[in-house]
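Here's the structure we're looking at; comments come further down.
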Amino acid sequence: MAEKPHSEVHAHDDHDHKPHGWRRWVFATNHKDIGTMYLVFSCIMFFTGGLFAMVIRAELFKPGLQVVDAGVFNSLTTMHGLVMIFGAIMPAWVGLANWMIPIQIGAPDMALPRLNNLSFWILPFAFLLLLSSWLVPGSAPAGGWTMYPPLTLQFGASFPMLIFAIHMMGISSILGAINVIVTIMNLRAPGMTLLRMPLFVWTWLITSFLLVAVMPVLAGAVTMMLTDHFFGTSFFNAAGGGDPVMFQHIFWFFGHPEVYIMILPGFGVVSEVIPAFSRKPLFGYEAMVYATASIAFLSFIVWAHHMFTVGLPLSALLFFMFATMLIAVPTGVKVFNWTATMWRGSLSFEPPMLFAIAFLFLFTIGGFSGLMLAMVPADFQYQDTYFVVAHFHYVLVSGSAFAIMAGVYYWLPKWVGRMYDLRLATWHFWLSAIFFNVLFFPQHFLGLAGMPRRIPDYAVQFADWNMVSSIGGFAFGLSQLLFPYIIWKCVRSGQRVEGTRAWEGARGLEWELPSPAPYHSWTTPPTEAMIARGAEH
Amino acid sequence: MYRARLGIRPGTWLRIAALLIAAGAALPAMADESPNGGWGLLNLPVGVTSISKDVYSIHMMAFWVCVVIGILVFGVMLWSIIFHRRSLGAVADVTLVHNTKVEILWTTIPVLILIGMAIPAAHGLVLISDDSNPQLEIKVTGFQWGWQYEYVGQGVSFVSKLDAKSMAASELDSGISPYSVPHYLRNVDHPLVVPVGTKVRLLIGAVDVIHSWWVPDLGIKKDAIPGYINTSWFEVDADKPGVYRGQCAELCGRGHGYMPIVVDAVSKADFQAWVKREAAAEKAAAAANAASS
């Protein structure tokens, strides 16, 4: 280790070029500032969507209607889905990408900094538009986040607001994805070959291609619905010769890759965290890359498994069943690789590792219910029940959201140069993990016993498990308040982190930088030795 | 370096465990009004048709496959978590990064398991799809919010909606306990009557938005889509007459939760008698209507 530490090389420009006050944020082009804004925005949306979920669980606490009217209930489920998917999870991943990708590949910034600024600043306006639909006559959209026509065409003033908000979110996502692709393709430091990249970078690269491929498809689908509503077309109107099922095909051609857009970067984070706290390189690095690419490819040919009950021909049912079951193979490879990474390791259980392990267990449970859902005859019973609700919350909450938390707890000391309160974060973990299961595990029972999703009130035999689920929901929601508090406390008064590595087992270029990472990092590329240290696999 | 402050004290764990046990004990007491033990409703019903039984066996097969794989995979994870921890002095084996044999094995074994699962599933699917040669056909039309049933060629047609008692109790802050209403939200004014031991084909459509016709005990769910006629079929076991309940399964607006389906499966003789009565009554009603207008 003869080379000069990075901090010395860059000490001179740490304090330069940092605009002050509101200009720093409004005109931001620095990837770290933009990453921070994405993450803060995502956190606000997480609690907004969470608030909707709390009202939903309050209404479902016992049978009968006590809290909201049935129409408002439908608006709540719709907005909860839209806000969590497009407002909380996706921006969180883009925020982490902004922060980490340039640092991890030895680039000074994202390739297209002004585009980066634009893609962030579209988002607050998109959500202002979407959320303000609560105030218009007829209230917020209530046709479900899947927006199936003809139902969604029945809503009044909120309908065009929904469509334009989706367009804006789509543009933001596409611009962000282009930026990630260009950055990874062009700005890797000399020596950072593709197969030396950290898996978070790999998974994000593949995610970006998915985004560029499918966000325009969603835009097309909602635009057709817009012209159906206002310009007399009949794309989805059976009375005019159109086809309501065509919307579902187009929507899920977007929608299935979309669920991988939300989970693949999570695979990346977990693939960084588990080796770090097992003090052992990732098992089967190349297999992980190929498995991610296979999952991405398969995601384009399984969309109709979301619509097994629409009356597809037998041949289509068989094809989509087999293709869907195939996804279990690369996903299984990933789970086995993570397990093998922990095998004969030297494990310790700091908060990022705890969240990664919870991810491993609970995402696998979500994978099991996913495999069951792939079996078409059984899916005829599961479709549109709480079994499905349980399934996708297992993969999206204990999958994506827990992976985001693992990532934030892993990299936070690098971002701010301070350590957070580990005991409080451990509390956050246990409360989240326990109440997540209290919240969602009983929903498997409810679905199997025959409770459909998206209903504001239910037959009394479903009362018991709904009450358990609601109690778990309130406790899970309250526990999440710890998360911003822990971060705020860390930024304000956390114990300073000495040296470059906050965790002894952490590898990768981000851990070659001083803590906190300087405002302008890698203005000279990392050395070969630094890259080699990070890419031992 | 930060280990000293990590972790939750053992005493705290004890307190948490006590709290959880207390909460678990208190729950059934809180759900005091519950008359029929919803706690035991954990699984799919076996149902009363060949389809529902087939679906149930496929479901249970998939479930047990998942349980076995889960025990193996979670077992290995737990083993590492318990025995390969640094606090026990475990030293990482950093050479363990790749093993072609094992990787081929854990790719091919899942493929074989999947093939083993796909065969019965495909077989069941082919059976379910065979809706040929029905002995009775019923047109089912979803609307916001109820179902219209038309017995093809029998002169019987009626609308089936949520019953009045459920309707009254389901209003926001109605003051009526759902527990006081028999079959709350799962009862209709006019149930669908079908004969047992008879292959019934449903022709399912909708007039406004998409609905979905679902009765778990019959093992079928099919979307009702404007512009489409979807088909589905069932045959209630001859020895299983009874009342089977379900509800709309596709979000269809504010009344989505209030669109129950009740199927009354009766003996063939009772069904013939019912059709006669019903057809006559409908004829009389139509005649009275024509006379008065």
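For the structure tokens, the naming scheme is as follows: chains receive sequential letters (A, B, ...) according to their order of presentation, residues are indexed from 1 within each chain, and ligands are indexed from 1 in presentation order.
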
Excluding B:Trp233 and residues on its chain fewer than 3 positions from it, collect all residues at most 7 Å away from it, counting only C-alpha atoms, and give them as a compact mmCIF listing (two decimals) with N, CA and C atoms, in the first residue's frame.
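Saved the output as result.txt:
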# COMPACT_ATOMS: atom_id res chain seq x y z
N ASP B 131 -64.47 -27.29 -21.24
CA ASP B 131 -65.84 -26.91 -20.86
C ASP B 131 -66.86 -27.47 -21.86
N LYS B 199 -73.06 -30.97 -15.10
CA LYS B 199 -72.01 -30.08 -15.60
C LYS B 199 -72.63 -28.76 -16.03
N VAL B 200 -72.31 -27.70 -15.30
CA VAL B 200 -72.89 -26.39 -15.57
C VAL B 200 -71.82 -25.52 -16.23
N ARG B 201 -72.14 -24.97 -17.39
CA ARG B 201 -71.20 -24.05 -18.04
C ARG B 201 -71.68 -22.62 -17.84
N LEU B 202 -70.77 -21.76 -17.43
CA LEU B 202 -71.09 -20.35 -17.24
C LEU B 202 -70.56 -19.56 -18.43

Per residue of chain B within 6 Å of chain A, which atom pair is closest and at what distance in Å (one decimal), using only C-alpha atoms, listed by chain and increasing number, as a Markdown table?
| residue | atom | partner | partner_atom | distance |
| --- | --- | --- | --- | --- |
| B:Leu6 | CA | A:Arg423 | CA | 5.1 |
| B:Gly7 | CA | A:Arg423 | CA | 5.7 |
| B:Gly38 | CA | A:Gln461 | CA | 4.7 |
| B:Leu41 | CA | A:Ala449 | CA | 5.7 |
| B:Leu42 | CA | A:Phe445 | CA | 4.4 |
| B:Asn43 | CA | A:Leu448 | CA | 5.1 |
| B:Leu44 | CA | A:Leu448 | CA | 4.7 |
| B:Val55 | CA | A:Ala378 | CA | 5.3 |
| B:His59 | CA | A:Ala378 | CA | 5.6 |
| B:Ala62 | CA | A:Met372 | CA | 5.8 |
| B:Cys66 | CA | A:Phe368 | CA | 5.8 |
| B:Met77 | CA | A:Thr339 | CA | 5.8 |
| B:Ser80 | CA | A:Trp343 | CA | 5.3 |
| B:His84 | CA | A:Ser346 | CA | 5.6 |
| B:Arg85 | CA | A:Leu347 | CA | 4.2 |
| B:Arg86 | CA | A:Ser346 | CA | 4.6 |
| B:Ala90 | CA | A:Ser346 | CA | 5.0 |
| B:Val91 | CA | A:Ser346 | CA | 5.2 |
| B:Ala92 | CA | A:Gly345 | CA | 4.0 |
| B:Asp93 | CA | A:Arg344 | CA | 5.8 |
| B:Val94 | CA | A:Lys280 | CA | 5.1 |
| B:Val97 | CA | A:Phe283 | CA | 4.2 |
| B:His98 | CA | A:Gly284 | CA | 5.1 |
| B:Leu125 | CA | A:Pro377 | CA | 5.7 |
| B:Ser170 | CA | A:Gly64 | CA | 5.6 |
| B:Leu172 | CA | A:Leu65 | CA | 4.7 |
| B:Asp173 | CA | A:Gln66 | CA | 5.4 |
| B:Tyr184 | CA | A:Ala459 | CA | 5.4 |
| B:Leu185 | CA | A:Ala459 | CA | 5.6 |
| B:Val209 | CA | A:Pro150 | CA | 5.2 |
| B:Lys221 | CA | A:Phe380 | CA | 5.6 |
| B:Lys222 | CA | A:Thr309 | CA | 5.1 |
| B:Asp223 | CA | A:Val310 | CA | 5.1 |
| B:Gly227 | CA | A:Ala238 | CA | 5.0 |
| B:Asn230 | CA | A:Gly311 | CA | 5.9 |
| B:Ala249 | CA | A:Pro452 | CA | 5.6 |
| B:Arg254 | CA | A:Gly71 | CA | 4.8 |
| B:Gly257 | CA | A:Ile455 | CA | 4.8 |

* Asked: stretch 351-501 of chain A: which residues are helix (DSSP H, G or I) by DSSP, as a VMD selection string?
  -> chain A and resid 351 to 374 376 to 382 386 to 416 422 to 448 460 to 479 482 to 493

If you keep C-alpha atoms, can you produce a file of those selected residues as a short mmCIF file (atom, residue, chain, number, x, y, z; two decimals), in the first residue's frame?
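Output below, filename part-v1.cif:
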data_model
loop_
_atom_site.label_atom_id
_atom_site.label_comp_id
_atom_site.auth_asym_id
_atom_site.auth_seq_id
_atom_site.Cartn_x
_atom_site.Cartn_y
_atom_site.Cartn_z
CA PRO A 351 -27.75 -3.24 11.28
CA PRO A 352 -26.97 -3.48 7.52
CA MET A 353 -26.30 -7.21 7.90
CA LEU A 354 -29.46 -7.70 9.96
CA PHE A 355 -31.57 -6.09 7.25
CA ALA A 356 -29.75 -8.12 4.56
CA ILE A 357 -30.41 -11.37 6.40
CA ALA A 358 -34.07 -10.44 6.88
CA PHE A 359 -34.15 -9.74 3.16
CA LEU A 360 -32.73 -13.18 2.50
CA PHE A 361 -35.32 -15.01 4.60
CA LEU A 362 -38.38 -12.96 3.81
CA PHE A 363 -37.69 -12.41 0.12
CA THR A 364 -37.31 -16.19 -0.17
CA ILE A 365 -40.73 -16.63 1.45
CA GLY A 366 -42.09 -14.15 -1.11
CA GLY A 367 -40.39 -16.24 -3.77
CA PHE A 368 -42.12 -19.37 -2.51
CA SER A 369 -45.55 -17.76 -2.69
CA GLY A 370 -44.52 -16.47 -6.13
CA LEU A 371 -43.83 -20.02 -7.25
CA MET A 372 -47.23 -21.10 -5.93
CA LEU A 373 -48.86 -18.20 -7.81
CA ALA A 374 -47.19 -19.38 -11.02
CA VAL A 376 -52.17 -21.55 -13.05
CA PRO A 377 -54.86 -23.81 -11.56
CA ALA A 378 -53.95 -22.71 -8.05
CA ASP A 379 -53.66 -19.10 -9.21
CA PHE A 380 -57.33 -19.24 -10.20
CA GLN A 381 -57.98 -19.38 -6.45
CA TYR A 382 -55.21 -16.95 -5.38
CA TYR A 386 -54.95 -11.21 0.07
CA PHE A 387 -52.61 -14.09 -0.76
CA VAL A 388 -51.34 -11.91 -3.61
CA VAL A 389 -51.19 -8.88 -1.32
CA ALA A 390 -49.06 -10.88 1.12
CA HIS A 391 -46.84 -12.15 -1.70
CA PHE A 392 -45.95 -8.80 -3.19
CA HIS A 393 -45.46 -7.14 0.17
CA TYR A 394 -43.01 -9.89 1.08
CA VAL A 395 -40.99 -9.15 -2.05
CA LEU A 396 -41.41 -5.37 -2.03
CA VAL A 397 -41.25 -4.47 1.67
CA SER A 398 -38.94 -7.13 3.06
CA GLY A 399 -37.33 -7.20 -0.40
CA SER A 400 -36.91 -3.70 -1.79
CA ALA A 401 -37.56 -1.59 1.31
CA PHE A 402 -35.37 -3.71 3.62
CA ALA A 403 -32.61 -3.72 1.00
CA ILE A 404 -32.83 0.08 0.80
CA MET A 405 -32.50 0.26 4.58
CA ALA A 406 -29.57 -2.17 4.49
CA GLY A 407 -27.92 0.07 1.89
CA VAL A 408 -28.53 3.27 3.82
CA TYR A 409 -27.23 1.77 7.08
CA TYR A 410 -24.21 0.38 5.20
CA TRP A 411 -23.19 3.56 3.38
CA LEU A 412 -24.45 6.27 5.74
CA PRO A 413 -21.11 6.44 7.66
CA LYS A 414 -19.37 6.99 4.31
CA TRP A 415 -21.79 9.74 3.31
CA VAL A 416 -21.67 11.78 6.49
CA LEU A 422 -26.13 1.17 16.31
CA ARG A 423 -28.29 0.10 19.23
CA LEU A 424 -31.21 2.22 18.05
CA ALA A 425 -30.77 0.92 14.50
CA THR A 426 -30.80 -2.63 15.87
CA TRP A 427 -34.07 -1.78 17.60
CA HIS A 428 -35.37 -0.41 14.30
CA PHE A 429 -34.45 -3.71 12.69
CA TRP A 430 -36.11 -6.00 15.22
CA LEU A 431 -39.29 -3.96 15.40
CA SER A 432 -39.48 -3.85 11.59
CA ALA A 433 -38.77 -7.54 11.11
CA ILE A 434 -41.18 -8.75 13.79
CA PHE A 435 -44.07 -6.46 12.98
CA PHE A 436 -43.61 -6.91 9.25
CA ASN A 437 -44.46 -10.56 9.77
CA VAL A 438 -47.32 -9.82 12.16
CA LEU A 439 -48.65 -7.46 9.49
CA PHE A 440 -48.29 -9.57 6.37
CA PHE A 441 -48.07 -13.24 7.33
CA PRO A 442 -51.77 -13.50 8.35
CA GLN A 443 -52.70 -12.04 4.96
CA HIS A 444 -51.69 -15.38 3.43
CA PHE A 445 -54.38 -17.01 5.57
CA LEU A 446 -56.95 -14.36 4.69
CA GLY A 447 -56.36 -14.79 0.98
CA LEU A 448 -56.52 -18.57 1.08
CA VAL A 460 -66.99 -11.60 9.76
CA GLN A 461 -64.99 -14.83 9.44
CA PHE A 462 -62.06 -12.70 8.26
CA ALA A 463 -62.19 -10.43 11.32
CA ASP A 464 -59.63 -12.18 13.54
CA TRP A 465 -56.64 -12.23 11.23
CA ASN A 466 -57.45 -8.76 9.92
CA MET A 467 -57.21 -7.44 13.46
CA VAL A 468 -53.80 -9.09 13.91
CA SER A 469 -52.66 -7.70 10.58
CA SER A 470 -53.81 -4.19 11.54
CA ILE A 471 -52.01 -4.32 14.89
CA GLY A 472 -48.86 -5.41 13.07
CA GLY A 473 -49.43 -2.61 10.57
CA PHE A 474 -49.68 0.16 13.18
CA ALA A 475 -46.59 -1.14 15.00
CA PHE A 476 -44.62 -1.51 11.76
CA GLY A 477 -45.60 2.00 10.67
CA LEU A 478 -44.65 3.56 14.01
CA SER A 479 -41.31 1.69 14.06
CA LEU A 482 -37.02 5.56 14.06
CA PHE A 483 -35.36 5.50 10.64
CA PRO A 484 -35.30 9.26 9.87
CA TYR A 485 -34.60 9.95 13.55
CA ILE A 486 -31.52 7.71 13.53
CA ILE A 487 -30.26 9.34 10.34
CA TRP A 488 -30.91 12.86 11.63
CA LYS A 489 -29.17 12.09 14.89
CA CYS A 490 -26.22 10.60 13.00
CA VAL A 491 -25.85 13.65 10.75
CA ARG A 492 -26.07 16.00 13.74
CA SER A 493 -24.04 14.28 16.39
#

* For A:His31: contacts at 9 Å, only C-alpha atoms, fewer than 6 positions along chain excluded, given as a ChimeraX atom specification -> /A:95,98-100,102,108-110,113,116-117

For C-alpha atoms, I'd like the residues from the last selection saved as a PDB file, in the first residue's frame.
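part.pdb was written with the following content:
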ATOM      1  CA  GLY A  95     -30.752   8.197  -4.992  1.00  0.00           C
ATOM      2  CA  ASN A  98     -26.458   8.662  -7.724  1.00  0.00           C
ATOM      3  CA  TRP A  99     -24.481   8.457  -4.535  1.00  0.00           C
ATOM      4  CA  MET A 100     -22.759   5.151  -5.085  1.00  0.00           C
ATOM      5  CA  PRO A 102     -19.709   7.196  -9.497  1.00  0.00           C
ATOM      6  CA  PRO A 108     -15.824  12.001 -10.664  1.00  0.00           C
ATOM      7  CA  ASP A 109     -19.592  12.409 -11.138  1.00  0.00           C
ATOM      8  CA  MET A 110     -22.530  11.150 -13.191  1.00  0.00           C
ATOM      9  CA  PRO A 113     -25.126  16.195 -14.413  1.00  0.00           C
ATOM     10  CA  ASN A 116     -29.531  14.470 -13.506  1.00  0.00           C
ATOM     11  CA  ASN A 117     -30.822  17.721 -12.035  1.00  0.00           C
TER      12      ASN A 117
END

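Here atom CA of A:Gly508 and atom CA of A:Ala535 stand 6.7 Å from one another.
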
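Every protein or nucleic acid residue with an atom no more than 9 Å from B:Val65, counting only C-alpha atoms and leaving out same-chain residues fewer than 5 positions away, appears here: Met60, Gly70, Ile113 and Met117 of chain B.
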
Show me, as an mmCIF file with N, CA and C atoms, in the first residue's frame, the residues that have an atom within 10 Å of B:Phe158 when counting only C-alpha atoms, minus same-chain residues fewer than 5 positions from it.
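Done, and the output landed in result.cif:
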data_model
loop_
_atom_site.group_PDB
_atom_site.id
_atom_site.type_symbol
_atom_site.label_atom_id
_atom_site.label_comp_id
_atom_site.auth_asym_id
_atom_site.auth_seq_id
_atom_site.Cartn_x
_atom_site.Cartn_y
_atom_site.Cartn_z
ATOM 1 N N TRP B 147 -75.077 -9.145 -9.904
ATOM 2 C CA TRP B 147 -74.939 -10.120 -10.984
ATOM 3 C C TRP B 147 -76.305 -10.410 -11.569
ATOM 4 N N GLN B 148 -76.326 -10.586 -12.906
ATOM 5 C CA GLN B 148 -77.553 -11.034 -13.528
ATOM 6 C C GLN B 148 -77.332 -12.449 -14.023
ATOM 7 N N TYR B 149 -78.299 -13.350 -13.712
ATOM 8 C CA TYR B 149 -78.165 -14.738 -14.152
ATOM 9 C C TYR B 149 -79.288 -15.060 -15.121
ATOM 10 N N GLU B 150 -78.918 -15.686 -16.233
ATOM 11 C CA GLU B 150 -79.934 -16.100 -17.207
ATOM 12 C C GLU B 150 -79.702 -17.564 -17.542
ATOM 13 N N TYR B 151 -80.714 -18.403 -17.212
ATOM 14 C CA TYR B 151 -80.606 -19.845 -17.490
ATOM 15 C C TYR B 151 -80.977 -20.043 -18.940
ATOM 16 N N HIS B 190 -81.255 -13.067 -4.046
ATOM 17 C CA HIS B 190 -81.741 -14.067 -4.985
ATOM 18 C C HIS B 190 -80.576 -14.953 -5.408
ATOM 19 N N PRO B 191 -80.339 -16.082 -4.730
ATOM 20 C CA PRO B 191 -79.156 -16.891 -5.037
ATOM 21 C C PRO B 191 -79.264 -17.620 -6.370
ATOM 22 N N LEU B 192 -78.105 -17.995 -6.866
ATOM 23 C CA LEU B 192 -78.035 -18.813 -8.072
ATOM 24 C C LEU B 192 -78.314 -20.259 -7.667
ATOM 25 N N GLU B 278 -90.045 -20.972 -10.873
ATOM 26 C CA GLU B 278 -89.403 -19.699 -11.185
ATOM 27 C C GLU B 278 -89.855 -19.195 -12.564
ATOM 28 N N GLU B 282 -91.943 -15.866 -13.276
ATOM 29 C CA GLU B 282 -91.421 -14.783 -14.116
ATOM 30 C C GLU B 282 -92.380 -14.461 -15.257
#

* To do: Can you work out the spacing between atom CA of B:Trp213 and atom CA of B:Gln247 in Å, to one decimal?
  => 6.8 Å
